[in-house]
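Colleague: Provided below: final-v3.pdb, containing PDB, C-alpha atoms, pLDDT in the B column.
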```pdb
ATOM      1  CA  MET A 743      48.114  -2.847 -42.319  1.00 71.00           C
ATOM      2  CA  ARG A 744      44.400  -3.263 -42.067  1.00 88.00           C
ATOM      3  CA  PHE A 745      41.832  -5.896 -41.211  1.00 96.00           C
ATOM      4  CA  THR A 746      38.472  -6.025 -42.946  1.00 96.00           C
ATOM      5  CA  LEU A 747      35.493  -8.109 -41.872  1.00 96.00           C
ATOM      6  CA  LYS A 748      32.634  -8.974 -44.207  1.00 96.00           C
ATOM      7  CA  LYS A 749      29.793 -11.390 -43.683  1.00 95.00           C
ATOM      8  CA  ASP A 750      28.634 -13.267 -46.775  1.00 92.00           C
ATOM      9  CA  LYS A 751      24.997 -14.149 -47.415  1.00 90.00           C
ATOM     10  CA  SER A 752      25.333 -17.550 -45.737  1.00 92.00           C
ATOM     11  CA  GLY A 753      26.713 -15.967 -42.575  1.00 95.00           C
ATOM     12  CA  VAL A 754      30.403 -16.775 -43.030  1.00 97.00           C
ATOM     13  CA  VAL A 755      32.685 -14.016 -41.785  1.00 98.00           C
ATOM     14  CA  VAL A 756      35.529 -13.288 -44.219  1.00 98.00           C
ATOM     15  CA  VAL A 757      38.452 -11.480 -42.629  1.00 98.00           C
ATOM     16  CA  GLY A 758      40.931  -9.777 -44.943  1.00 98.00           C
ATOM     17  CA  VAL A 759      44.487  -9.160 -43.750  1.00 98.00           C
ATOM     18  CA  GLU A 760      46.167  -6.361 -45.669  1.00 96.00           C
ATOM     19  CA  GLY A 761      49.891  -5.851 -45.084  1.00 95.00           C
ATOM     20  CA  GLN A 762      51.210  -8.011 -42.297  1.00 96.00           C
ATOM     21  CA  LEU A 763      50.023 -10.014 -39.327  1.00 97.00           C
ATOM     22  CA  ILE A 764      52.683  -9.599 -36.671  1.00 96.00           C
ATOM     23  CA  VAL A 765      53.324  -9.054 -32.986  1.00 95.00           C
ATOM     24  CA  GLY A 766      52.260  -5.404 -33.204  1.00 93.00           C
ATOM     25  CA  ASN A 767      48.779  -5.903 -34.632  1.00 95.00           C
ATOM     26  CA  ARG A 768      47.791  -9.471 -33.834  1.00 96.00           C
ATOM     27  CA  GLN A 769      45.627  -8.442 -30.889  1.00 96.00           C
ATOM     28  CA  ASP A 770      43.514  -6.232 -33.180  1.00 97.00           C
ATOM     29  CA  LEU A 771      42.745  -9.199 -35.390  1.00 97.00           C
ATOM     30  CA  LYS A 772      42.076 -11.428 -32.405  1.00 97.00           C
ATOM     31  CA  GLN A 773      39.645  -8.961 -30.864  1.00 97.00           C
ATOM     32  CA  LYS A 774      37.767  -8.419 -34.129  1.00 97.00           C
ATOM     33  CA  VAL A 775      37.257 -12.157 -34.630  1.00 98.00           C
ATOM     34  CA  LEU A 776      36.357 -12.757 -30.968  1.00 98.00           C
ATOM     35  CA  ASP A 777      33.780  -9.949 -31.169  1.00 97.00           C
ATOM     36  CA  ALA A 778      32.190 -11.618 -34.195  1.00 97.00           C
ATOM     37  CA  LEU A 779      32.249 -14.961 -32.359  1.00 98.00           C
ATOM     38  CA  GLU A 780      30.591 -13.315 -29.364  1.00 97.00           C
ATOM     39  CA  ASP A 781      27.937 -11.909 -31.703  1.00 96.00           C
ATOM     40  CA  GLY A 782      27.046 -15.414 -32.838  1.00 97.00           C
ATOM     41  CA  SER A 783      29.162 -15.980 -35.948  1.00 97.00           C
ATOM     42  CA  ARG A 784      30.615 -19.490 -36.123  1.00 97.00           C
ATOM     43  CA  LYS A 785      32.163 -19.832 -39.570  1.00 98.00           C
ATOM     44  CA  PHE A 786      35.248 -17.803 -40.430  1.00 98.00           C
ATOM     45  CA  VAL A 787      37.603 -17.455 -43.378  1.00 98.00           C
ATOM     46  CA  ILE A 788      40.800 -15.477 -43.038  1.00 98.00           C
ATOM     47  CA  ASP A 789      41.923 -14.299 -46.465  1.00 98.00           C
ATOM     48  CA  PHE A 790      45.681 -13.705 -46.788  1.00 98.00           C
ATOM     49  CA  SER A 791      45.700 -12.825 -50.491  1.00 98.00           C
ATOM     50  CA  LYS A 792      46.794  -9.262 -49.643  1.00 97.00           C
ATOM     51  CA  THR A 793      49.219 -10.248 -46.874  1.00 97.00           C
ATOM     52  CA  GLY A 794      52.959  -9.692 -47.173  1.00 95.00           C
ATOM     53  CA  TYR A 795      54.246 -11.574 -44.163  1.00 96.00           C
ATOM     54  CA  ILE A 796      53.184 -13.247 -40.912  1.00 97.00           C
ATOM     55  CA  ASP A 797      55.437 -13.693 -37.898  1.00 97.00           C
ATOM     56  CA  SER A 798      55.191 -16.374 -35.215  1.00 97.00           C
ATOM     57  CA  SER A 799      52.949 -14.171 -33.060  1.00 97.00           C
ATOM     58  CA  GLY A 800      50.549 -13.938 -35.983  1.00 97.00           C
ATOM     59  CA  LEU A 801      50.675 -17.714 -36.387  1.00 98.00           C
ATOM     60  CA  GLY A 802      50.057 -18.091 -32.653  1.00 98.00           C
ATOM     61  CA  VAL A 803      46.969 -15.919 -32.797  1.00 98.00           C
ATOM     62  CA  LEU A 804      45.569 -18.053 -35.606  1.00 98.00           C
ATOM     63  CA  VAL A 805      46.137 -21.177 -33.496  1.00 98.00           C
ATOM     64  CA  SER A 806      44.436 -19.522 -30.521  1.00 98.00           C
ATOM     65  CA  LEU A 807      41.471 -18.296 -32.572  1.00 98.00           C
ATOM     66  CA  SER A 808      41.022 -21.676 -34.204  1.00 98.00           C
ATOM     67  CA  LYS A 809      40.780 -23.315 -30.773  1.00 97.00           C
ATOM     68  CA  LYS A 810      38.307 -20.765 -29.449  1.00 98.00           C
ATOM     69  CA  ILE A 811      36.123 -21.031 -32.552  1.00 98.00           C
ATOM     70  CA  ARG A 812      36.153 -24.845 -32.390  1.00 97.00           C
ATOM     71  CA  GLU A 813      35.192 -24.720 -28.709  1.00 97.00           C
ATOM     72  CA  GLN A 814      32.083 -22.791 -29.765  1.00 97.00           C
ATOM     73  CA  GLY A 815      31.242 -25.387 -32.418  1.00 97.00           C
ATOM     74  CA  GLY A 816      32.556 -23.281 -35.277  1.00 98.00           C
ATOM     75  CA  GLU A 817      35.299 -23.513 -37.853  1.00 97.00           C
ATOM     76  CA  LEU A 818      38.137 -21.315 -39.076  1.00 98.00           C
ATOM     77  CA  ARG A 819      39.512 -21.720 -42.592  1.00 98.00           C
ATOM     78  CA  LEU A 820      42.510 -19.998 -44.137  1.00 98.00           C
ATOM     79  CA  ALA A 821      42.811 -18.910 -47.757  1.00 98.00           C
ATOM     80  CA  GLY A 822      44.949 -17.010 -50.223  1.00 98.00           C
ATOM     81  CA  LEU A 823      48.419 -17.912 -48.913  1.00 98.00           C
ATOM     82  CA  ASN A 824      51.202 -17.020 -51.334  1.00 97.00           C
ATOM     83  CA  ALA A 825      54.068 -19.473 -51.885  1.00 97.00           C
ATOM     84  CA  ASP A 826      56.199 -18.045 -49.062  1.00 97.00           C
ATOM     85  CA  LEU A 827      53.343 -18.083 -46.553  1.00 98.00           C
ATOM     86  CA  GLN A 828      52.368 -21.606 -47.607  1.00 97.00           C
ATOM     87  CA  THR A 829      55.963 -22.684 -46.928  1.00 97.00           C
ATOM     88  CA  LEU A 830      55.813 -21.004 -43.508  1.00 97.00           C
ATOM     89  CA  PHE A 831      52.717 -23.023 -42.605  1.00 98.00           C
ATOM     90  CA  GLU A 832      54.329 -26.211 -43.889  1.00 97.00           C
ATOM     91  CA  LEU A 833      57.614 -25.828 -42.014  1.00 96.00           C
ATOM     92  CA  THR A 834      55.778 -25.085 -38.760  1.00 98.00           C
ATOM     93  CA  LYS A 835      53.412 -27.988 -39.561  1.00 98.00           C
ATOM     94  CA  LEU A 836      50.470 -25.654 -39.042  1.00 98.00           C
ATOM     95  CA  ASP A 837      49.220 -26.740 -42.454  1.00 97.00           C
ATOM     96  CA  THR A 838      48.132 -29.909 -40.621  1.00 97.00           C
ATOM     97  CA  LEU A 839      46.086 -27.879 -38.135  1.00 96.00           C
ATOM     98  CA  PHE A 840      44.121 -25.678 -40.535  1.00 97.00           C
ATOM     99  CA  ALA A 841      41.894 -26.212 -43.529  1.00 97.00           C
ATOM    100  CA  ILE A 842      43.691 -24.143 -46.175  1.00 98.00           C
ATOM    101  CA  THR A 843      42.267 -23.321 -49.587  1.00 98.00           C
ATOM    102  CA  ARG A 844      43.704 -21.444 -52.552  1.00 97.00           C
ATOM    103  CA  THR A 845      41.055 -18.718 -52.521  1.00 97.00           C
ATOM    104  CA  ALA A 846      38.459 -17.334 -50.127  1.00 97.00           C
ATOM    105  CA  GLU A 847      35.775 -18.380 -52.605  1.00 96.00           C
ATOM    106  CA  GLU A 848      36.927 -21.993 -52.358  1.00 97.00           C
ATOM    107  CA  ALA A 849      36.872 -21.777 -48.571  1.00 96.00           C
ATOM    108  CA  LEU A 850      33.312 -20.399 -48.639  1.00 96.00           C
ATOM    109  CA  ALA A 851      32.183 -23.114 -51.017  1.00 94.00           C
ATOM    110  CA  ALA A 852      33.639 -25.783 -48.714  1.00 92.00           C
ATOM    111  CA  PHE A 853      31.476 -24.793 -45.718  1.00 90.00           C
TER     112      PHE A 853
ATOM    113  CA  MET B 168      72.503   1.752 -40.673  1.00 92.00           C
ATOM    114  CA  GLN B 169      71.737   1.866 -36.987  1.00 96.00           C
ATOM    115  CA  LEU B 170      68.528   2.553 -35.132  1.00 95.00           C
ATOM    116  CA  ASP B 171      67.149   2.399 -31.630  1.00 97.00           C
ATOM    117  CA  VAL B 172      63.682   0.891 -31.607  1.00 97.00           C
ATOM    118  CA  PRO B 173      61.439   1.873 -28.686  1.00 96.00           C
ATOM    119  CA  SER B 174      60.391  -1.035 -26.529  1.00 97.00           C
ATOM    120  CA  ASP B 175      56.879  -1.040 -27.935  1.00 97.00           C
ATOM    121  CA  LEU B 176      55.507  -3.990 -29.896  1.00 96.00           C
ATOM    122  CA  GLY B 177      53.465  -1.542 -31.969  1.00 95.00           C
ATOM    123  CA  MET B 178      56.722  -0.177 -33.417  1.00 96.00           C
ATOM    124  CA  VAL B 179      57.922  -3.494 -34.843  1.00 97.00           C
ATOM    125  CA  GLY B 180      56.182  -3.141 -38.209  1.00 96.00           C
ATOM    126  CA  ASP B 181      57.471   0.393 -38.787  1.00 96.00           C
ATOM    127  CA  ALA B 182      61.022  -0.554 -37.780  1.00 97.00           C
ATOM    128  CA  VAL B 183      60.972  -3.525 -40.165  1.00 97.00           C
ATOM    129  CA  GLU B 184      59.772  -1.313 -43.023  1.00 96.00           C
ATOM    130  CA  LEU B 185      62.415   1.285 -42.251  1.00 97.00           C
ATOM    131  CA  VAL B 186      65.214  -1.267 -42.487  1.00 97.00           C
ATOM    132  CA  ALA B 187      63.802  -3.055 -45.542  1.00 96.00           C
ATOM    133  CA  SER B 188      63.172   0.142 -47.470  1.00 95.00           C
ATOM    134  CA  HIS B 189      66.679   1.486 -46.856  1.00 95.00           C
ATOM    135  CA  LEU B 190      68.573  -1.493 -48.241  1.00 94.00           C
ATOM    136  CA  PRO B 191      70.387  -0.527 -51.448  1.00 92.00           C
ATOM    137  CA  PRO B 192      68.703  -2.048 -54.535  1.00 89.00           C
ATOM    138  CA  GLY B 193      70.248  -5.355 -55.548  1.00 89.00           C
ATOM    139  CA  THR B 194      71.640  -6.194 -52.106  1.00 92.00           C
ATOM    140  CA  LEU B 195      69.277  -9.161 -51.884  1.00 94.00           C
ATOM    141  CA  PRO B 196      66.663 -10.540 -54.290  1.00 94.00           C
ATOM    142  CA  PRO B 197      63.375  -8.645 -53.760  1.00 93.00           C
ATOM    143  CA  ARG B 198      61.575 -11.758 -52.507  1.00 92.00           C
ATOM    144  CA  ARG B 199      64.245 -12.345 -49.843  1.00 94.00           C
ATOM    145  CA  ILE B 200      63.654  -8.802 -48.626  1.00 94.00           C
ATOM    146  CA  SER B 201      59.878  -8.796 -48.872  1.00 93.00           C
ATOM    147  CA  PHE B 202      59.426 -12.052 -46.969  1.00 96.00           C
ATOM    148  CA  ASN B 203      62.514 -13.597 -45.349  1.00 97.00           C
ATOM    149  CA  LEU B 204      64.128 -10.413 -44.058  1.00 97.00           C
ATOM    150  CA  ARG B 205      60.900  -8.770 -42.937  1.00 97.00           C
ATOM    151  CA  THR B 206      59.604 -11.855 -41.153  1.00 97.00           C
ATOM    152  CA  ALA B 207      62.922 -12.712 -39.461  1.00 98.00           C
ATOM    153  CA  LEU B 208      63.501  -9.122 -38.321  1.00 98.00           C
ATOM    154  CA  ALA B 209      59.948  -8.845 -36.980  1.00 97.00           C
ATOM    155  CA  GLU B 210      60.577 -12.050 -35.004  1.00 97.00           C
ATOM    156  CA  ALA B 211      63.876 -10.823 -33.595  1.00 97.00           C
ATOM    157  CA  LEU B 212      62.467  -7.427 -32.641  1.00 97.00           C
ATOM    158  CA  GLY B 213      59.319  -8.920 -31.144  1.00 96.00           C
ATOM    159  CA  ASN B 214      61.376 -11.312 -29.012  1.00 95.00           C
ATOM    160  CA  ALA B 215      63.770  -8.570 -27.892  1.00 97.00           C
ATOM    161  CA  ILE B 216      60.961  -6.201 -26.924  1.00 97.00           C
ATOM    162  CA  ARG B 217      58.762  -8.784 -25.237  1.00 95.00           C
ATOM    163  CA  TYR B 218      61.362 -10.879 -23.431  1.00 94.00           C
ATOM    164  CA  GLY B 219      64.474  -8.663 -23.398  1.00 96.00           C
ATOM    165  CA  THR B 220      63.195  -5.210 -22.493  1.00 96.00           C
ATOM    166  CA  GLY B 221      59.837  -6.345 -21.114  1.00 96.00           C
ATOM    167  CA  GLU B 222      57.949  -3.720 -23.164  1.00 96.00           C
ATOM    168  CA  ASP B 223      59.416  -1.081 -20.851  1.00 96.00           C
ATOM    169  CA  PRO B 224      58.873   2.275 -22.624  1.00 91.00           C
ATOM    170  CA  ASP B 225      62.076   3.682 -21.148  1.00 94.00           C
ATOM    171  CA  ARG B 226      64.223   1.057 -22.853  1.00 96.00           C
ATOM    172  CA  VAL B 227      65.211   0.516 -26.484  1.00 97.00           C
ATOM    173  CA  VAL B 228      66.323  -2.325 -28.716  1.00 98.00           C
ATOM    174  CA  ARG B 229      69.397  -1.619 -30.834  1.00 98.00           C
ATOM    175  CA  VAL B 230      69.428  -2.607 -34.496  1.00 98.00           C
ATOM    176  CA  HIS B 231      72.591  -2.445 -36.578  1.00 98.00           C
ATOM    177  CA  VAL B 232      72.523  -3.369 -40.246  1.00 98.00           C
ATOM    178  CA  GLU B 233      75.787  -4.460 -41.850  1.00 97.00           C
ATOM    179  CA  LEU B 234      75.907  -4.517 -45.631  1.00 96.00           C
ATOM    180  CA  GLY B 235      78.320  -6.724 -47.537  1.00 93.00           C
ATOM    181  CA  HIS B 236      78.865  -7.305 -51.227  1.00 90.00           C
ATOM    182  CA  ASP B 237      76.433 -10.198 -51.283  1.00 92.00           C
ATOM    183  CA  PHE B 238      74.918 -10.319 -47.821  1.00 96.00           C
ATOM    184  CA  VAL B 239      72.979  -8.375 -45.227  1.00 97.00           C
ATOM    185  CA  ARG B 240      73.647  -8.983 -41.561  1.00 98.00           C
ATOM    186  CA  ILE B 241      71.274  -7.559 -38.978  1.00 98.00           C
ATOM    187  CA  HIS B 242      72.253  -7.378 -35.331  1.00 98.00           C
ATOM    188  CA  VAL B 243      69.424  -6.997 -32.810  1.00 98.00           C
ATOM    189  CA  VAL B 244      70.514  -6.402 -29.207  1.00 98.00           C
ATOM    190  CA  ASP B 245      68.474  -5.686 -26.112  1.00 97.00           C
ATOM    191  CA  ASP B 246      69.654  -4.829 -22.589  1.00 95.00           C
ATOM    192  CA  GLY B 247      67.930  -7.794 -20.980  1.00 94.00           C
ATOM    193  CA  ARG B 248      69.380 -10.802 -19.182  1.00 92.00           C
ATOM    194  CA  GLY B 249      69.519 -12.955 -22.285  1.00 92.00           C
ATOM    195  CA  PHE B 250      68.369 -16.529 -22.714  1.00 88.00           C
ATOM    196  CA  ASP B 251      69.691 -19.926 -23.707  1.00 87.00           C
ATOM    197  CA  PRO B 252      68.511 -20.604 -27.273  1.00 87.00           C
ATOM    198  CA  SER B 253      69.380 -24.302 -27.001  1.00 85.00           C
ATOM    199  CA  ARG B 254      66.666 -24.885 -24.393  1.00 84.00           C
ATOM    200  CA  LEU B 255      63.650 -24.184 -26.562  1.00 89.00           C
ATOM    201  CA  PRO B 256      61.178 -26.996 -27.300  1.00 92.00           C
ATOM    202  CA  ASP B 257      60.449 -28.106 -30.863  1.00 95.00           C
ATOM    203  CA  PRO B 258      57.268 -26.240 -31.892  1.00 97.00           C
ATOM    204  CA  THR B 259      56.477 -28.845 -34.541  1.00 97.00           C
ATOM    205  CA  HIS B 260      56.228 -31.675 -31.996  1.00 97.00           C
ATOM    206  CA  PRO B 261      52.583 -32.849 -31.856  1.00 96.00           C
ATOM    207  CA  ASP B 262      52.399 -31.874 -28.153  1.00 96.00           C
ATOM    208  CA  ASN B 263      53.399 -28.301 -28.995  1.00 97.00           C
ATOM    209  CA  LEU B 264      51.528 -27.750 -32.239  1.00 96.00           C
ATOM    210  CA  GLU B 265      48.518 -26.044 -30.647  1.00 95.00           C
ATOM    211  CA  ARG B 266      50.591 -23.761 -28.424  1.00 96.00           C
ATOM    212  CA  GLU B 267      50.238 -20.067 -29.135  1.00 95.00           C
ATOM    213  CA  TYR B 268      53.896 -19.244 -28.483  1.00 94.00           C
ATOM    214  CA  GLY B 269      57.316 -20.766 -29.089  1.00 94.00           C
ATOM    215  CA  ARG B 270      57.780 -20.650 -32.883  1.00 96.00           C
ATOM    216  CA  GLY B 271      59.846 -17.471 -33.214  1.00 95.00           C
ATOM    217  CA  LEU B 272      63.385 -18.811 -33.234  1.00 96.00           C
ATOM    218  CA  PHE B 273      62.331 -21.862 -35.228  1.00 96.00           C
ATOM    219  CA  VAL B 274      60.934 -19.558 -37.927  1.00 97.00           C
ATOM    220  CA  ILE B 275      64.035 -17.345 -37.913  1.00 97.00           C
ATOM    221  CA  ARG B 276      66.338 -20.334 -38.375  1.00 97.00           C
ATOM    222  CA  HIS B 277      64.408 -21.390 -41.473  1.00 96.00           C
ATOM    223  CA  LEU B 278      64.265 -17.956 -43.079  1.00 97.00           C
ATOM    224  CA  VAL B 279      67.845 -16.741 -42.847  1.00 98.00           C
ATOM    225  CA  ASP B 280      71.173 -18.279 -43.851  1.00 98.00           C
ATOM    226  CA  ASP B 281      72.931 -17.889 -40.532  1.00 98.00           C
ATOM    227  CA  VAL B 282      71.881 -17.164 -36.938  1.00 98.00           C
ATOM    228  CA  VAL B 283      74.395 -16.304 -34.237  1.00 97.00           C
ATOM    229  CA  PHE B 284      73.720 -15.353 -30.617  1.00 96.00           C
ATOM    230  CA  ASN B 285      76.105 -13.383 -28.483  1.00 95.00           C
ATOM    231  CA  GLU B 286      77.483 -15.014 -25.371  1.00 93.00           C
ATOM    232  CA  LYS B 287      75.014 -13.397 -22.995  1.00 94.00           C
ATOM    233  CA  GLY B 288      72.059 -14.419 -25.152  1.00 92.00           C
ATOM    234  CA  ASN B 289      70.649 -10.903 -25.449  1.00 95.00           C
ATOM    235  CA  GLY B 290      71.815 -10.312 -29.002  1.00 97.00           C
ATOM    236  CA  ILE B 291      71.102 -12.093 -32.258  1.00 98.00           C
ATOM    237  CA  SER B 292      72.732 -11.670 -35.653  1.00 98.00           C
ATOM    238  CA  LEU B 293      70.795 -12.648 -38.738  1.00 98.00           C
ATOM    239  CA  THR B 294      72.633 -13.113 -42.031  1.00 98.00           C
ATOM    240  CA  LEU B 295      70.856 -13.260 -45.374  1.00 98.00           C
ATOM    241  CA  ARG B 296      72.933 -13.942 -48.467  1.00 96.00           C
ATOM    242  CA  ALA B 297      72.108 -12.990 -52.024  1.00 93.00           C
ATOM    243  CA  GLY B 298      72.938 -16.360 -53.551  1.00 75.00           C
TER     244      GLY B 298
END
```
Is it possible to give me this structure as structure tokens?
Modeller:
Amino acid sequence: MRFTLKKDKSGVVVVGVEGQLIVGNRQDLKQKVLDALEDGSRKFVIDFSKTGYIDSSGLGVLVSLSKKIREQGGELRLAGLNADLQTLFELTKLDTLFAITRTAEEALAAF
Amino acid sequence: MQLDVPSDLGMVGDAVELVASHLPPGTLPPRRISFNLRTALAEALGNAIRYGTGEDPDRVVRVHVELGHDFVRIHVVDDGRGFDPSRLPDPTHPDNLEREYGRGLFVIRHLVDDVVFNEKGNGISLTLRAG
């Protein structure tokens, strides 16, 4: 499991989640995004195209990050969910809380 | 298959992979293993370690995997005081949607075919069927 952070030319931070986002690594992701927020970044995309599974702790961290980013006047978008992950967001109704796009490119274009 | 998982949230991912990778081929469809089983087991282990053993490094969570002809049943038991699973709020209620915690059991119930708690509430059995 690995998290990658890249900033595109318009300043949007794209976070890649490789493997899984679960109780054991969620704090790493949270800290990385909060550090970028602290450094002045306000627009974030989390790309799940290389993610196998997400547990409820991972979902909770996304909810928490979304709130913190919004409080700073920013926005968090999610992208690249496979069919199983999309279903997970729908059954927890978190699809109503996040802007979700098919690809990270679509999320970047929507900012 | 039986294993004792140290009460360390950082071990959850490795324990899940260990169980998933040791299931005999064909026990469950690959997608049920790669998503439903992994997610549900990570939830159960995370709950047991966080709430059951309190992340105490001297304690362990017991995992027992029972294989049937067309099902896998995973028992996860901690040595904690247990809890009442019927007293959990609905995480999809609008008032709860922005809460960070409280989705674990809800997610488990949607990913596996059967969920059973032991009487004390410190053990959960997850059954996934092939069909």
Colleague: Residues of chain A near chain B: apply a cut-off of 10 Å, count all atoms listed in the file, and supply the list as JSON, numbers by chain.
Modeller: {"A": [743, 761, 762, 763, 764, 765, 766, 767, 768, 794, 795, 796, 797, 798, 799, 800, 801, 802, 803, 804, 805, 806, 807, 808, 809, 826, 827, 830, 832, 833, 834, 835, 836, 838, 839]}
Colleague: Limited to C-alpha atoms, could you put the picked residues into a file as a PDB file, keeping the file's coordinate frame?
Modeller:
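The file below, part-v9.pdb, is the result:
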```pdb
ATOM      1  CA  MET A 743      48.114  -2.847 -42.319  1.00 71.00           C
ATOM      2  CA  GLY A 761      49.891  -5.851 -45.084  1.00 95.00           C
ATOM      3  CA  GLN A 762      51.210  -8.011 -42.297  1.00 96.00           C
ATOM      4  CA  LEU A 763      50.023 -10.014 -39.327  1.00 97.00           C
ATOM      5  CA  ILE A 764      52.683  -9.599 -36.671  1.00 96.00           C
ATOM      6  CA  VAL A 765      53.324  -9.054 -32.986  1.00 95.00           C
ATOM      7  CA  GLY A 766      52.260  -5.404 -33.204  1.00 93.00           C
ATOM      8  CA  ASN A 767      48.779  -5.903 -34.632  1.00 95.00           C
ATOM      9  CA  ARG A 768      47.791  -9.471 -33.834  1.00 96.00           C
ATOM     10  CA  GLY A 794      52.959  -9.692 -47.173  1.00 95.00           C
ATOM     11  CA  TYR A 795      54.246 -11.574 -44.163  1.00 96.00           C
ATOM     12  CA  ILE A 796      53.184 -13.247 -40.912  1.00 97.00           C
ATOM     13  CA  ASP A 797      55.437 -13.693 -37.898  1.00 97.00           C
ATOM     14  CA  SER A 798      55.191 -16.374 -35.215  1.00 97.00           C
ATOM     15  CA  SER A 799      52.949 -14.171 -33.060  1.00 97.00           C
ATOM     16  CA  GLY A 800      50.549 -13.938 -35.983  1.00 97.00           C
ATOM     17  CA  LEU A 801      50.675 -17.714 -36.387  1.00 98.00           C
ATOM     18  CA  GLY A 802      50.057 -18.091 -32.653  1.00 98.00           C
ATOM     19  CA  VAL A 803      46.969 -15.919 -32.797  1.00 98.00           C
ATOM     20  CA  LEU A 804      45.569 -18.053 -35.606  1.00 98.00           C
ATOM     21  CA  VAL A 805      46.137 -21.177 -33.496  1.00 98.00           C
ATOM     22  CA  SER A 806      44.436 -19.522 -30.521  1.00 98.00           C
ATOM     23  CA  LEU A 807      41.471 -18.296 -32.572  1.00 98.00           C
ATOM     24  CA  SER A 808      41.022 -21.676 -34.204  1.00 98.00           C
ATOM     25  CA  LYS A 809      40.780 -23.315 -30.773  1.00 97.00           C
ATOM     26  CA  ASP A 826      56.199 -18.045 -49.062  1.00 97.00           C
ATOM     27  CA  LEU A 827      53.343 -18.083 -46.553  1.00 98.00           C
ATOM     28  CA  LEU A 830      55.813 -21.004 -43.508  1.00 97.00           C
ATOM     29  CA  GLU A 832      54.329 -26.211 -43.889  1.00 97.00           C
ATOM     30  CA  LEU A 833      57.614 -25.828 -42.014  1.00 96.00           C
ATOM     31  CA  THR A 834      55.778 -25.085 -38.760  1.00 98.00           C
ATOM     32  CA  LYS A 835      53.412 -27.988 -39.561  1.00 98.00           C
ATOM     33  CA  LEU A 836      50.470 -25.654 -39.042  1.00 98.00           C
ATOM     34  CA  THR A 838      48.132 -29.909 -40.621  1.00 97.00           C
ATOM     35  CA  LEU A 839      46.086 -27.879 -38.135  1.00 96.00           C
TER      36      LEU A 839
END
```
Colleague: Give me the box for segment 792-811 of chain A as lines of an AutoDock Vina configuration file, namely the centre and edge lengths in Å to one decimal of a box along x, y and z that holds every listed atom plus 8 Å on each side.
Modeller:
```
center_x = 45.8
center_y = -16.3
center_z = -39.5
size_x = 35.3
size_y = 30.1
size_z = 36.2
```
Colleague: Mind checking which residues fall within 7 Å of Val787 of chain A, counting only C-alpha atoms, ignoring those fewer than 6 positions away in the same chain, and posting them as a PyMOL selection string?
Modeller: chain A and resi 755-757+818-821+846+849
Colleague: Using C-alpha atoms, can you write the selected residues to a file as a short mmCIF file (atom, residue, chain, number, x, y, z; two decimals), in the frame of the given file?
Modeller:
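out-v2.cif, freshly written:
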```cif
data_model
loop_
_atom_site.label_atom_id
_atom_site.label_comp_id
_atom_site.auth_asym_id
_atom_site.auth_seq_id
_atom_site.Cartn_x
_atom_site.Cartn_y
_atom_site.Cartn_z
CA VAL A 755 32.68 -14.02 -41.78
CA VAL A 756 35.53 -13.29 -44.22
CA VAL A 757 38.45 -11.48 -42.63
CA LEU A 818 38.14 -21.32 -39.08
CA ARG A 819 39.51 -21.72 -42.59
CA LEU A 820 42.51 -20.00 -44.14
CA ALA A 821 42.81 -18.91 -47.76
CA ALA A 846 38.46 -17.33 -50.13
CA ALA A 849 36.87 -21.78 -48.57
#
```
Colleague: Just how far from atom CA of Asp237 of chain B is atom CA of Phe284 of chain B, in Å to one decimal?
Modeller: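 Atom CA of Phe284 of chain B sits 21.5 Å away from atom CA of Asp237 of chain B.
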Colleague: Between atom CA of Val283 of chain B and atom CA of Met168 of chain B, what is the distance in Å, rounded to a tenth?
Modeller: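 Result for atom CA of Val283 of chain B versus atom CA of Met168 of chain B: 19.3 Å, one decimal.
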Colleague: Written as a tab-separated table (two decimals) with C-alpha atoms, keeping the file's coordinate frame, which residues does the PyMOL selection byres ((chain B and resi 245-251) around 10) give for the file shown?
Modeller:
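File written: part_2.tsv
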```tsv
chain	number	residue	atom	x	y	z
B	171	ASP	CA	67.15	2.40	-31.63
B	172	VAL	CA	63.68	0.89	-31.61
B	174	SER	CA	60.39	-1.03	-26.53
B	212	LEU	CA	62.47	-7.43	-32.64
B	214	ASN	CA	61.38	-11.31	-29.01
B	215	ALA	CA	63.77	-8.57	-27.89
B	216	ILE	CA	60.96	-6.20	-26.92
B	218	TYR	CA	61.36	-10.88	-23.43
B	219	GLY	CA	64.47	-8.66	-23.40
B	220	THR	CA	63.20	-5.21	-22.49
B	221	GLY	CA	59.84	-6.34	-21.11
B	226	ARG	CA	64.22	1.06	-22.85
B	227	VAL	CA	65.21	0.52	-26.48
B	228	VAL	CA	66.32	-2.33	-28.72
B	229	ARG	CA	69.40	-1.62	-30.83
B	230	VAL	CA	69.43	-2.61	-34.50
B	243	VAL	CA	69.42	-7.00	-32.81
B	244	VAL	CA	70.51	-6.40	-29.21
B	252	PRO	CA	68.51	-20.60	-27.27
B	253	SER	CA	69.38	-24.30	-27.00
B	254	ARG	CA	66.67	-24.88	-24.39
B	255	LEU	CA	63.65	-24.18	-26.56
B	284	PHE	CA	73.72	-15.35	-30.62
B	285	ASN	CA	76.10	-13.38	-28.48
B	286	GLU	CA	77.48	-15.01	-25.37
B	287	LYS	CA	75.01	-13.40	-23.00
B	288	GLY	CA	72.06	-14.42	-25.15
B	289	ASN	CA	70.65	-10.90	-25.45
B	290	GLY	CA	71.82	-10.31	-29.00
B	291	ILE	CA	71.10	-12.09	-32.26
```
Colleague: Return the single residue from A:Val754, A:Ala851, A:Leu771, A:Val759 that is closest to Phe790 of chain A, with distances computed using only C-alpha atoms.
Modeller: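 Selected residue with least distance to Phe790 of chain A: A:Val759.
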Colleague: Name all residues at most 7 Å from Val232 of chain B (count all atoms listed in the file; drop same-chain ones fewer than 4 positions away) and give them as a list in words.
Modeller: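 Selected residues are Met168, Gln169, Arg240, Ile241 and His242 of chain B.
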Colleague: Restricted to C-alpha atoms, what would the selected residues look like written as a short mmCIF file (atom, residue, chain, number, x, y, z; two decimals), in the frame of the given file?
Modeller:
```cif
data_model
loop_
_atom_site.label_atom_id
_atom_site.label_comp_id
_atom_site.auth_asym_id
_atom_site.auth_seq_id
_atom_site.Cartn_x
_atom_site.Cartn_y
_atom_site.Cartn_z
CA MET B 168 72.50 1.75 -40.67
CA GLN B 169 71.74 1.87 -36.99
CA ARG B 240 73.65 -8.98 -41.56
CA ILE B 241 71.27 -7.56 -38.98
CA HIS B 242 72.25 -7.38 -35.33
#
```
